[in-house]
Every structure is written in structure tokens, then in C-alpha cells.
Amino acid sequence: MTRSLFAVFLAGMVGIFVACGSEAGFNDPENPVSQISWPDFERLHYDMLDQTDTRLGTLVLETIRQDDEYLLSLQFTLDSEDGTVTDRVSVWVDADTLQPLRYQRHAESSEETLTAEATYRINADAEISAEVILDEDGEVTEETVEAGAFAFDNDSSAWLWRTLAFEQDLELTYRSVNVVQRRSQVVQVAVRGQDTLRSPDGDVVVWQVVATPGVEISRAWYAIDPPHRLIRWDQQPRRFILTKVETEP
């Protein structure tokens with residue numbers, strides 16, 4: 001497994017890509033969470049495709065209600081001639097606000113491993129910080145990331161965008177914390193109209209959501225009807241297409 005392939009997961013396979021960019025031109029951060037429509041348990045399966053529609057692997061998004069928290073999990077599996085890369089991310093968030101609480105990640109190939117943990121804190125001014133411990137092949141780094149108000153974990157993005165008050169041309173800004181990159185940044189998210197896409201249950205009308213962190217763009221399509229499932233997710237040069245829905249453990 002080449003390092004460049006493994007680095008695909010570490011540099012931004014989940015949530016949004018980390019890009020250098022300033023807050024200039026963005027509105028002041030605000031709370032993007034309008035409604036939470038998903039059930040107490042849900043498991044969504046996706047095929048990961050490249051630009052030629054070749055299947056690269058899979059993604060599973062799992063939601064589990066645990067009292068007043070949600071456990072949000074992402075499991076990536078990338079297959080190649082050199083072996084399999086797996087990347088599992090778990091984010092615990094407040095069930096009402098999606099405020100991040102705890103974070104764990106383990107990515108592994110035949111030659112490399114990465115583990116990351118973080119504990120989130122919120123101060124009296126509602127400003128978020130993350131105490132991060134990162135282990136890359138035995139090299140341990142500890143760091144505190146200061147994120148400010150209206151900050152959410154980067155790897156909860158697929159859920160966060162799902163809570164938007166979907167309406168044409170909605171635009172807002174929030175802060176995102178990338179634990180592995182040990183930094184935060186401002187993200188602008190916008191609703192850019194409706195499309196029709198194929199889903200496991202047939203054609204479905206969707207809202208297109210465009211997220212812009214710095215100079216990068218991520219596009220996601222959510223069903224217009226509750227529970228607003230994520231049908232397609234584009235992070236060029238990869239696409240994730242919904243193939244299966246489970247609502248029972």
C-alpha cells in the first residue's frame with residue numbers, strides 16, 4: 001500500500017477536505033442545526049466510485065441513540081491490489097444540538113496505522129476546544145485545538161448538513177474541527193436547488209447542498225422528504241452512492 005493511497009483517508013476522506021483559506025468573505029458563524037429527522041438507529045451503505053464509475057470500496061454511516069447522545073460512525077473500506085485500507089471514525093455528539101463531545105478514529109493499511117482521540121470542551125462563552133491525542137505509527141502528538149463558537153466536528157458533516165432548514169438558496173457559515181489535521185476552519189454551506197436521483201427505493205427528489213471550506217467544494221444530495229437521507233456525496237475525485245438502508249439493529 002503506497003503512502004499516497006493511505007493518505008487519502010488521513011487527509012480528508014470524511015466530512016470535508018481541509019484547505020488553506022481565510023475567513024474573509026464568509027458571514028459570521030451561526031448554528032446550522034434546524035431539525036433532526038433521523039431515527040434512533042440507522043445504517044446507510046454506500047458504494048465508493050471514482051471518476052470512471054469504478055468501484056473503489058464502501059462507506060457505511062451508522063447512527064445510534066445513546067440516552068442524550070448520538071454515536072455517529074463512519075466505516076470506510078478501500079480495496080486495492082496492495083491490500084485493504086480500513087478507516088473507522090466514531091463521533092459522540094449531543095442529541096439535541098450535535099455539539100461534539102468525544103472522538104475516536106482508527107485507520108489501518110498493511111503498512112501503516114493511525115489512531116486519534118479527542119475530548120471536546122465548551123467554555124462559558126460557548127466556545128469549543130478539542131484536546132487531541134494523535135498516534136501515527138507510534139509517533140504520538142498531543143495538542144489543544146481552539147475552535148470558537150458554533151463549532152462542530154468535521155466528521156459529523158454528513159449528519160450536520162442533514163439538519164439544515166432546507167430551502168432554496170439558504171446560505172450560512174459555521175466552524176469545523178478536523179481532529180487528525182489538528183485545526184479548525186470556517187465552512188460556508190448552501191442549498192442550491194433540487195434534482196432527481198436514483199435511490200435503493202427508486203427515483204427520489206433531493207436538495208443539493210454545497211459546502212465550501214477554503215478553496216475546496218463538497219456536494220451532497222439529501223432527500224427532500226424526512227428523514228432527509230443522504231443519497232449521493234461528491235468529494236472529487238470520489239463519489240458515494242447510497243445502495244442500502246437499514247433501520248433495525
# chains A, B, ... in the order shown; residues from 1 in each chain; ligands from 1
>>> residues_around(residues="segment 29-34 of chain A", least_positions_apart="5", cutoff="9 Å", atoms="only C-alpha atoms", output="compact mmCIF listing (two decimals) with N, CA, C and O atoms, in the first residue's frame")
# COMPACT_ATOMS: atom_id res chain seq x y z
N THR A 97 -28.24 19.15 20.02
CA THR A 97 -27.52 20.26 19.38
C THR A 97 -26.46 19.81 18.40
O THR A 97 -25.96 20.63 17.63
N LEU A 98 -26.07 18.53 18.43
CA LEU A 98 -24.94 17.98 17.66
C LEU A 98 -23.60 18.56 18.09
O LEU A 98 -22.60 18.42 17.39
N ALA A 149 -16.95 29.63 18.78
CA ALA A 149 -18.37 29.29 18.88
C ALA A 149 -18.90 28.70 17.58
O ALA A 149 -18.30 28.87 16.52
N PHE A 150 -20.04 28.00 17.69
CA PHE A 150 -20.68 27.35 16.54
C PHE A 150 -19.70 26.45 15.81
O PHE A 150 -19.57 26.50 14.57
N ALA A 151 -19.01 25.60 16.57
CA ALA A 151 -18.03 24.68 16.01
C ALA A 151 -18.55 23.25 16.15
O ALA A 151 -19.10 22.86 17.18
N LEU A 160 -24.62 16.79 10.00
CA LEU A 160 -24.84 18.22 10.23
C LEU A 160 -25.60 18.84 9.08
O LEU A 160 -26.57 19.58 9.28
N TRP A 161 -25.18 18.57 7.86
CA TRP A 161 -25.86 19.13 6.69
C TRP A 161 -27.28 18.60 6.56
O TRP A 161 -28.14 19.26 6.00
N ARG A 162 -27.51 17.43 7.09
CA ARG A 162 -28.84 16.82 7.04
C ARG A 162 -29.84 17.55 7.93
O ARG A 162 -31.06 17.41 7.76
N THR A 163 -29.35 18.37 8.86
CA THR A 163 -30.22 19.10 9.78
C THR A 163 -30.56 20.51 9.30
O THR A 163 -31.24 21.25 10.01
N LEU A 164 -30.08 20.88 8.13
CA LEU A 164 -30.34 22.23 7.63
C LEU A 164 -31.84 22.48 7.45
O LEU A 164 -32.61 21.55 7.20
N ALA A 165 -32.23 23.74 7.52
CA ALA A 165 -33.60 24.13 7.19
C ALA A 165 -33.68 24.23 5.67
O ALA A 165 -33.50 25.31 5.09
N PHE A 166 -33.90 23.09 5.01
CA PHE A 166 -33.80 23.03 3.55
C PHE A 166 -34.77 24.01 2.88
O PHE A 166 -35.98 23.90 3.01
N LEU A 172 -25.33 29.71 4.99
CA LEU A 172 -24.87 30.04 6.33
C LEU A 172 -23.45 29.54 6.51
O LEU A 172 -22.91 28.81 5.68
N THR A 173 -22.85 29.96 7.62
CA THR A 173 -21.46 29.66 7.91
C THR A 173 -21.34 29.09 9.32
O THR A 173 -22.06 29.52 10.23
N TYR A 174 -20.47 28.11 9.49
CA TYR A 174 -20.17 27.55 10.81
C TYR A 174 -18.69 27.19 10.85
O TYR A 174 -17.97 27.29 9.85
N ARG A 175 -18.23 26.76 12.02
CA ARG A 175 -16.83 26.34 12.17
C ARG A 175 -16.75 24.82 12.23
O ARG A 175 -17.64 24.16 12.76
N VAL A 186 -13.48 27.87 8.99
CA VAL A 186 -14.84 28.28 8.71
C VAL A 186 -15.32 27.59 7.44
O VAL A 186 -14.58 27.45 6.46
N VAL A 187 -16.57 27.13 7.46
CA VAL A 187 -17.19 26.47 6.32
C VAL A 187 -18.46 27.22 5.94
O VAL A 187 -19.27 27.55 6.81
N GLN A 188 -18.63 27.48 4.65
CA GLN A 188 -19.88 28.02 4.15
C GLN A 188 -20.68 26.88 3.53
O GLN A 188 -20.14 26.10 2.74
N VAL A 189 -21.93 26.76 3.89
CA VAL A 189 -22.80 25.72 3.34
C VAL A 189 -24.02 26.38 2.74
O VAL A 189 -24.55 27.36 3.28
>>> residues_around(residues="Gln235 of chain A", least_positions_apart="4", cutoff="7 Å", atoms="only C-alpha atoms", output="ChimeraX atom specification")
/A:218-219,239
>>> write_last_selection(atoms="N, CA, C and O atoms", output="PDB file, in the first residue's frame")
ATOM      1  N   SER A 218     -17.428  20.496  -1.555  1.00  0.00           N
ATOM      2  CA  SER A 218     -18.043  19.183  -1.365  1.00  0.00           C
ATOM      3  C   SER A 218     -19.532  19.330  -1.652  1.00  0.00           C
ATOM      4  O   SER A 218     -20.159  20.307  -1.225  1.00  0.00           O
ATOM      5  N   ARG A 219     -20.090  18.373  -2.395  1.00  0.00           N
ATOM      6  CA  ARG A 219     -21.512  18.414  -2.754  1.00  0.00           C
ATOM      7  C   ARG A 219     -22.220  17.187  -2.199  1.00  0.00           C
ATOM      8  O   ARG A 219     -21.693  16.074  -2.288  1.00  0.00           O
ATOM      9  N   ARG A 239     -16.974   9.607  -5.444  1.00  0.00           N
ATOM     10  CA  ARG A 239     -18.404   9.777  -5.221  1.00  0.00           C
ATOM     11  C   ARG A 239     -18.892   8.623  -4.346  1.00  0.00           C
ATOM     12  O   ARG A 239     -18.406   7.505  -4.446  1.00  0.00           O
TER      13      ARG A 239
END
>>> residues_around(residues="Ile241 of chain A", least_positions_apart="4", cutoff="12 Å", atoms="only C-alpha atoms", output="ChimeraX atom specification")
/A:44-50,53,55-61,197-200,220-222,229-235,245
>>> write_last_selection(atoms="N, CA, C and O atoms", output="compact mmCIF listing (two decimals), in the first residue's frame")
# COMPACT_ATOMS: atom_id res chain seq x y z
N LEU A 44 -26.62 3.30 6.86
CA LEU A 44 -26.67 3.59 5.43
C LEU A 44 -25.41 3.08 4.76
O LEU A 44 -24.30 3.38 5.21
N HIS A 45 -25.58 2.33 3.66
CA HIS A 45 -24.46 1.74 2.93
C HIS A 45 -24.26 2.48 1.61
O HIS A 45 -25.24 2.76 0.89
N TYR A 46 -23.00 2.75 1.27
CA TYR A 46 -22.67 3.47 0.04
C TYR A 46 -21.56 2.74 -0.71
O TYR A 46 -20.64 2.18 -0.10
N ASP A 47 -21.64 2.79 -2.05
CA ASP A 47 -20.50 2.42 -2.88
C ASP A 47 -19.63 3.64 -3.10
O ASP A 47 -20.14 4.76 -3.33
N MET A 48 -18.32 3.44 -3.03
CA MET A 48 -17.35 4.50 -3.32
C MET A 48 -16.87 4.31 -4.76
O MET A 48 -16.32 3.26 -5.11
N LEU A 49 -17.07 5.32 -5.61
CA LEU A 49 -16.74 5.24 -7.02
C LEU A 49 -15.72 6.31 -7.40
O LEU A 49 -15.66 7.37 -6.78
N ASP A 50 -14.93 6.02 -8.45
CA ASP A 50 -14.02 7.05 -8.95
C ASP A 50 -14.67 7.74 -10.15
O ASP A 50 -15.86 7.54 -10.45
N ASP A 53 -16.48 5.61 -12.70
CA ASP A 53 -17.51 4.75 -12.11
C ASP A 53 -16.97 3.39 -11.68
O ASP A 53 -17.73 2.45 -11.48
N ARG A 55 -15.69 0.91 -8.96
CA ARG A 55 -15.95 0.78 -7.52
C ARG A 55 -14.62 0.63 -6.78
O ARG A 55 -13.85 -0.29 -7.03
N LEU A 56 -14.36 1.55 -5.84
CA LEU A 56 -13.13 1.56 -5.06
C LEU A 56 -13.29 0.89 -3.71
O LEU A 56 -12.32 0.38 -3.15
N GLY A 57 -14.49 0.92 -3.18
CA GLY A 57 -14.72 0.38 -1.85
C GLY A 57 -16.09 0.76 -1.37
O GLY A 57 -17.00 1.01 -2.16
N THR A 58 -16.25 0.85 -0.05
CA THR A 58 -17.56 1.11 0.54
C THR A 58 -17.45 2.11 1.69
O THR A 58 -16.39 2.33 2.27
N LEU A 59 -18.59 2.71 2.00
CA LEU A 59 -18.75 3.57 3.17
C LEU A 59 -20.04 3.17 3.87
O LEU A 59 -21.06 2.94 3.22
N VAL A 60 -19.98 3.07 5.19
CA VAL A 60 -21.18 2.83 6.00
C VAL A 60 -21.31 3.97 7.00
O VAL A 60 -20.36 4.27 7.74
N LEU A 61 -22.46 4.61 7.02
CA LEU A 61 -22.79 5.63 8.02
C LEU A 61 -23.79 5.03 9.00
O LEU A 61 -24.86 4.57 8.59
N LEU A 197 -32.56 11.86 -8.25
CA LEU A 197 -31.52 10.85 -8.27
C LEU A 197 -32.13 9.48 -8.01
O LEU A 197 -33.20 9.36 -7.43
N ARG A 198 -31.39 8.45 -8.43
CA ARG A 198 -31.80 7.09 -8.16
C ARG A 198 -31.40 6.70 -6.74
O ARG A 198 -30.31 7.02 -6.28
N SER A 199 -32.30 6.04 -6.01
CA SER A 199 -32.03 5.55 -4.67
C SER A 199 -32.39 4.07 -4.61
O SER A 199 -32.96 3.53 -5.57
N PRO A 200 -32.09 3.37 -3.52
CA PRO A 200 -32.48 1.96 -3.42
C PRO A 200 -33.98 1.75 -3.55
O PRO A 200 -34.41 0.65 -3.90
N ALA A 220 -23.40 17.41 -1.64
CA ALA A 220 -24.18 16.31 -1.08
C ALA A 220 -25.63 16.51 -1.46
O ALA A 220 -26.12 17.65 -1.53
N TRP A 221 -26.33 15.39 -1.72
CA TRP A 221 -27.72 15.43 -2.12
C TRP A 221 -28.56 14.69 -1.10
O TRP A 221 -28.35 13.49 -0.85
N TYR A 222 -29.52 15.40 -0.49
CA TYR A 222 -30.39 14.84 0.55
C TYR A 222 -31.83 14.79 0.06
O TYR A 222 -32.32 15.74 -0.58
N ARG A 229 -32.52 11.50 3.98
CA ARG A 229 -31.32 10.66 3.87
C ARG A 229 -30.36 11.19 2.81
O ARG A 229 -30.77 11.75 1.79
N LEU A 230 -29.08 10.98 3.07
CA LEU A 230 -28.03 11.34 2.11
C LEU A 230 -28.03 10.31 0.99
O LEU A 230 -27.78 9.13 1.22
N ILE A 231 -28.30 10.75 -0.25
CA ILE A 231 -28.41 9.86 -1.39
C ILE A 231 -27.10 9.78 -2.17
O ILE A 231 -26.71 8.72 -2.65
N ARG A 232 -26.42 10.89 -2.28
CA ARG A 232 -25.15 10.94 -3.01
C ARG A 232 -24.25 12.00 -2.37
O ARG A 232 -24.73 13.02 -1.87
N TRP A 233 -22.94 11.73 -2.42
CA TRP A 233 -21.96 12.63 -1.80
C TRP A 233 -20.75 12.68 -2.70
O TRP A 233 -20.10 11.66 -2.93
N ASP A 234 -20.43 13.83 -3.20
CA ASP A 234 -19.28 14.01 -4.11
C ASP A 234 -18.14 14.70 -3.39
O ASP A 234 -18.30 15.83 -2.89
N GLN A 235 -17.00 14.03 -3.32
CA GLN A 235 -15.75 14.62 -2.85
C GLN A 235 -14.71 14.26 -3.92
O GLN A 235 -14.06 13.23 -3.85
N VAL A 245 -30.36 0.69 2.92
CA VAL A 245 -30.79 1.37 4.14
C VAL A 245 -31.22 0.32 5.15
O VAL A 245 -32.03 -0.57 4.83
>>> closest_residue(among="A:Val191, A:Ser109, A:Thr52, A:Val91", to="Thr77 of chain A", atoms="only C-alpha atoms")
A:Ser109
>>> select_by_dssp(residues="segment 36-175 of chain A", states="alpha helix (DSSP H)", output="number ranges by chain")
A: 157-160
>>> write_last_selection(atoms="N, CA, C and O atoms", output="mmCIF file, in the first residue's frame")
data_model
loop_
_atom_site.group_PDB
_atom_site.id
_atom_site.type_symbol
_atom_site.label_atom_id
_atom_site.label_comp_id
_atom_site.auth_asym_id
_atom_site.auth_seq_id
_atom_site.Cartn_x
_atom_site.Cartn_y
_atom_site.Cartn_z
ATOM 1 N N SER A 157 -20.077 15.909 9.485
ATOM 2 C CA SER A 157 -20.633 16.772 8.437
ATOM 3 C C SER A 157 -21.843 16.162 7.738
ATOM 4 O O SER A 157 -22.817 16.853 7.441
ATOM 5 N N ALA A 158 -21.794 14.857 7.430
ATOM 6 C CA ALA A 158 -22.907 14.227 6.713
ATOM 7 C C ALA A 158 -24.207 14.336 7.492
ATOM 8 O O ALA A 158 -25.288 14.426 6.905
ATOM 9 N N TRP A 159 -24.119 14.320 8.808
ATOM 10 C CA TRP A 159 -25.298 14.492 9.666
ATOM 11 C C TRP A 159 -25.631 15.972 9.832
ATOM 12 O O TRP A 159 -26.799 16.352 9.814
ATOM 13 N N LEU A 160 -24.620 16.787 10.004
ATOM 14 C CA LEU A 160 -24.841 18.217 10.234
ATOM 15 C C LEU A 160 -25.599 18.845 9.077
ATOM 16 O O LEU A 160 -26.569 19.580 9.280
#
>>> decode(residues="segment 119-151 of chain A", atoms="N, CA, C and O atoms", output="mmCIF file, in the first residue's frame")
data_model
loop_
_atom_site.group_PDB
_atom_site.id
_atom_site.type_symbol
_atom_site.label_atom_id
_atom_site.label_comp_id
_atom_site.auth_asym_id
_atom_site.auth_seq_id
_atom_site.Cartn_x
_atom_site.Cartn_y
_atom_site.Cartn_z
ATOM 1 N N THR A 119 -11.244 14.863 23.140
ATOM 2 C CA THR A 119 -12.303 15.231 24.070
ATOM 3 C C THR A 119 -12.618 16.704 23.854
ATOM 4 O O THR A 119 -11.721 17.546 23.870
ATOM 5 N N TYR A 120 -13.887 16.991 23.624
ATOM 6 C CA TYR A 120 -14.298 18.371 23.369
ATOM 7 C C TYR A 120 -14.712 19.057 24.672
ATOM 8 O O TYR A 120 -15.297 18.438 25.562
ATOM 9 N N ARG A 121 -14.400 20.338 24.748
ATOM 10 C CA ARG A 121 -14.798 21.174 25.888
ATOM 11 C C ARG A 121 -15.548 22.393 25.359
ATOM 12 O O ARG A 121 -15.326 22.841 24.242
ATOM 13 N N ILE A 122 -16.421 22.934 26.204
ATOM 14 C CA ILE A 122 -17.114 24.176 25.882
ATOM 15 C C ILE A 122 -17.021 25.093 27.083
ATOM 16 O O ILE A 122 -17.263 24.673 28.219
ATOM 17 N N ASN A 123 -16.631 26.353 26.847
ATOM 18 C CA ASN A 123 -16.447 27.270 27.966
ATOM 19 C C ASN A 123 -17.702 28.115 28.190
ATOM 20 O O ASN A 123 -18.741 27.910 27.547
ATOM 21 N N ALA A 124 -17.605 29.069 29.104
ATOM 22 C CA ALA A 124 -18.764 29.880 29.472
ATOM 23 C C ALA A 124 -19.257 30.749 28.328
ATOM 24 O O ALA A 124 -20.415 31.187 28.331
ATOM 25 N N ASP A 125 -18.398 31.004 27.335
ATOM 26 C CA ASP A 125 -18.783 31.811 26.173
ATOM 27 C C ASP A 125 -19.245 30.945 25.004
ATOM 28 O O ASP A 125 -19.352 31.431 23.875
ATOM 29 N N ALA A 126 -19.503 29.653 25.280
ATOM 30 C CA ALA A 126 -19.961 28.696 24.266
ATOM 31 C C ALA A 126 -18.915 28.455 23.188
ATOM 32 O O ALA A 126 -19.254 28.064 22.072
ATOM 33 N N GLU A 127 -17.642 28.647 23.520
ATOM 34 C CA GLU A 127 -16.561 28.392 22.578
ATOM 35 C C GLU A 127 -16.044 26.964 22.754
ATOM 36 O O GLU A 127 -15.839 26.511 23.883
ATOM 37 N N ILE A 128 -15.843 26.291 21.636
ATOM 38 C CA ILE A 128 -15.467 24.884 21.623
ATOM 39 C C ILE A 128 -13.948 24.742 21.491
ATOM 40 O O ILE A 128 -13.302 25.476 20.751
ATOM 41 N N SER A 129 -13.390 23.767 22.218
ATOM 42 C CA SER A 129 -11.994 23.378 22.027
ATOM 43 C C SER A 129 -11.919 21.855 22.062
ATOM 44 O O SER A 129 -12.819 21.187 22.571
ATOM 45 N N ALA A 130 -10.845 21.308 21.487
ATOM 46 C CA ALA A 130 -10.660 19.861 21.438
ATOM 47 C C ALA A 130 -9.271 19.502 21.928
ATOM 48 O O ALA A 130 -8.277 20.066 21.451
ATOM 49 N N GLU A 131 -9.201 18.581 22.879
ATOM 50 C CA GLU A 131 -7.928 18.060 23.371
ATOM 51 C C GLU A 131 -7.621 16.777 22.598
ATOM 52 O O GLU A 131 -8.293 15.762 22.766
ATOM 53 N N VAL A 132 -6.615 16.835 21.733
ATOM 54 C CA VAL A 132 -6.365 15.796 20.744
ATOM 55 C C VAL A 132 -5.130 14.986 21.108
ATOM 56 O O VAL A 132 -4.096 15.539 21.513
ATOM 57 N N ILE A 133 -5.233 13.655 20.939
ATOM 58 C CA ILE A 133 -4.084 12.754 21.020
ATOM 59 C C ILE A 133 -4.029 11.977 19.705
ATOM 60 O O ILE A 133 -4.980 11.267 19.355
ATOM 61 N N LEU A 134 -2.935 12.129 18.975
ATOM 62 C CA LEU A 134 -2.778 11.522 17.662
ATOM 63 C C LEU A 134 -1.573 10.591 17.680
ATOM 64 O O LEU A 134 -0.493 10.971 18.137
ATOM 65 N N ASP A 135 -1.762 9.364 17.199
ATOM 66 C CA ASP A 135 -0.692 8.371 17.137
ATOM 67 C C ASP A 135 -0.547 7.905 15.692
ATOM 68 O O ASP A 135 -1.420 7.208 15.158
ATOM 69 N N GLU A 136 0.554 8.290 15.051
ATOM 70 C CA GLU A 136 0.852 7.888 13.686
ATOM 71 C C GLU A 136 2.042 6.943 13.696
ATOM 72 O O GLU A 136 3.182 7.367 13.871
ATOM 73 N N ASP A 137 1.748 5.650 13.541
ATOM 74 C CA ASP A 137 2.799 4.628 13.550
ATOM 75 C C ASP A 137 3.702 4.752 14.777
ATOM 76 O O ASP A 137 4.935 4.626 14.683
ATOM 77 N N GLY A 138 3.115 5.017 15.938
ATOM 78 C CA GLY A 138 3.870 5.091 17.178
ATOM 79 C C GLY A 138 4.385 6.463 17.538
ATOM 80 O O GLY A 138 4.891 6.665 18.648
ATOM 81 N N GLU A 139 4.245 7.428 16.646
ATOM 82 C CA GLU A 139 4.655 8.807 16.944
ATOM 83 C C GLU A 139 3.446 9.562 17.486
ATOM 84 O O GLU A 139 2.491 9.826 16.750
ATOM 85 N N VAL A 140 3.496 9.907 18.775
ATOM 86 C CA VAL A 140 2.344 10.479 19.459
ATOM 87 C C VAL A 140 2.459 12.000 19.541
ATOM 88 O O VAL A 140 3.507 12.539 19.894
ATOM 89 N N THR A 141 1.351 12.672 19.200
ATOM 90 C CA THR A 141 1.262 14.121 19.288
ATOM 91 C C THR A 141 0.048 14.481 20.136
ATOM 92 O O THR A 141 -1.030 13.911 19.953
ATOM 93 N N GLU A 142 0.219 15.425 21.065
ATOM 94 C CA GLU A 142 -0.893 15.930 21.861
ATOM 95 C C GLU A 142 -1.024 17.429 21.635
ATOM 96 O O GLU A 142 -0.021 18.151 21.673
ATOM 97 N N GLU A 143 -2.241 17.881 21.422
ATOM 98 C CA GLU A 143 -2.436 19.292 21.094
ATOM 99 C C GLU A 143 -3.866 19.704 21.428
ATOM 100 O O GLU A 143 -4.793 18.890 21.344
ATOM 101 N N THR A 144 -4.049 20.956 21.798
ATOM 102 C CA THR A 144 -5.380 21.514 22.020
ATOM 103 C C THR A 144 -5.739 22.413 20.843
ATOM 104 O O THR A 144 -4.968 23.307 20.478
ATOM 105 N N VAL A 145 -6.901 22.163 20.246
ATOM 106 C CA VAL A 145 -7.386 22.957 19.119
ATOM 107 C C VAL A 145 -8.483 23.888 19.615
ATOM 108 O O VAL A 145 -9.497 23.434 20.154
ATOM 109 N N GLU A 146 -8.282 25.181 19.465
ATOM 110 C CA GLU A 146 -9.283 26.178 19.844
ATOM 111 C C GLU A 146 -10.130 26.504 18.618
ATOM 112 O O GLU A 146 -9.600 26.916 17.584
ATOM 113 N N ALA A 147 -11.452 26.331 18.738
ATOM 114 C CA ALA A 147 -12.295 26.459 17.551
ATOM 115 C C ALA A 147 -13.269 27.631 17.592
ATOM 116 O O ALA A 147 -13.742 28.070 16.555
ATOM 117 N N GLY A 148 -13.611 28.127 18.763
ATOM 118 C CA GLY A 148 -14.578 29.216 18.835
ATOM 119 C C GLY A 148 -16.010 28.709 18.916
ATOM 120 O O GLY A 148 -16.270 27.510 19.080
ATOM 121 N N ALA A 149 -16.950 29.626 18.780
ATOM 122 C CA ALA A 149 -18.373 29.294 18.883
ATOM 123 C C ALA A 149 -18.897 28.702 17.582
ATOM 124 O O ALA A 149 -18.300 28.869 16.518
ATOM 125 N N PHE A 150 -20.035 28.001 17.686
ATOM 126 C CA PHE A 150 -20.683 27.355 16.542
ATOM 127 C C PHE A 150 -19.704 26.453 15.808
ATOM 128 O O PHE A 150 -19.566 26.502 14.571
ATOM 129 N N ALA A 151 -19.014 25.604 16.571
ATOM 130 C CA ALA A 151 -18.033 24.678 16.011
ATOM 131 C C ALA A 151 -18.547 23.249 16.147
ATOM 132 O O ALA A 151 -19.105 22.865 17.181
#
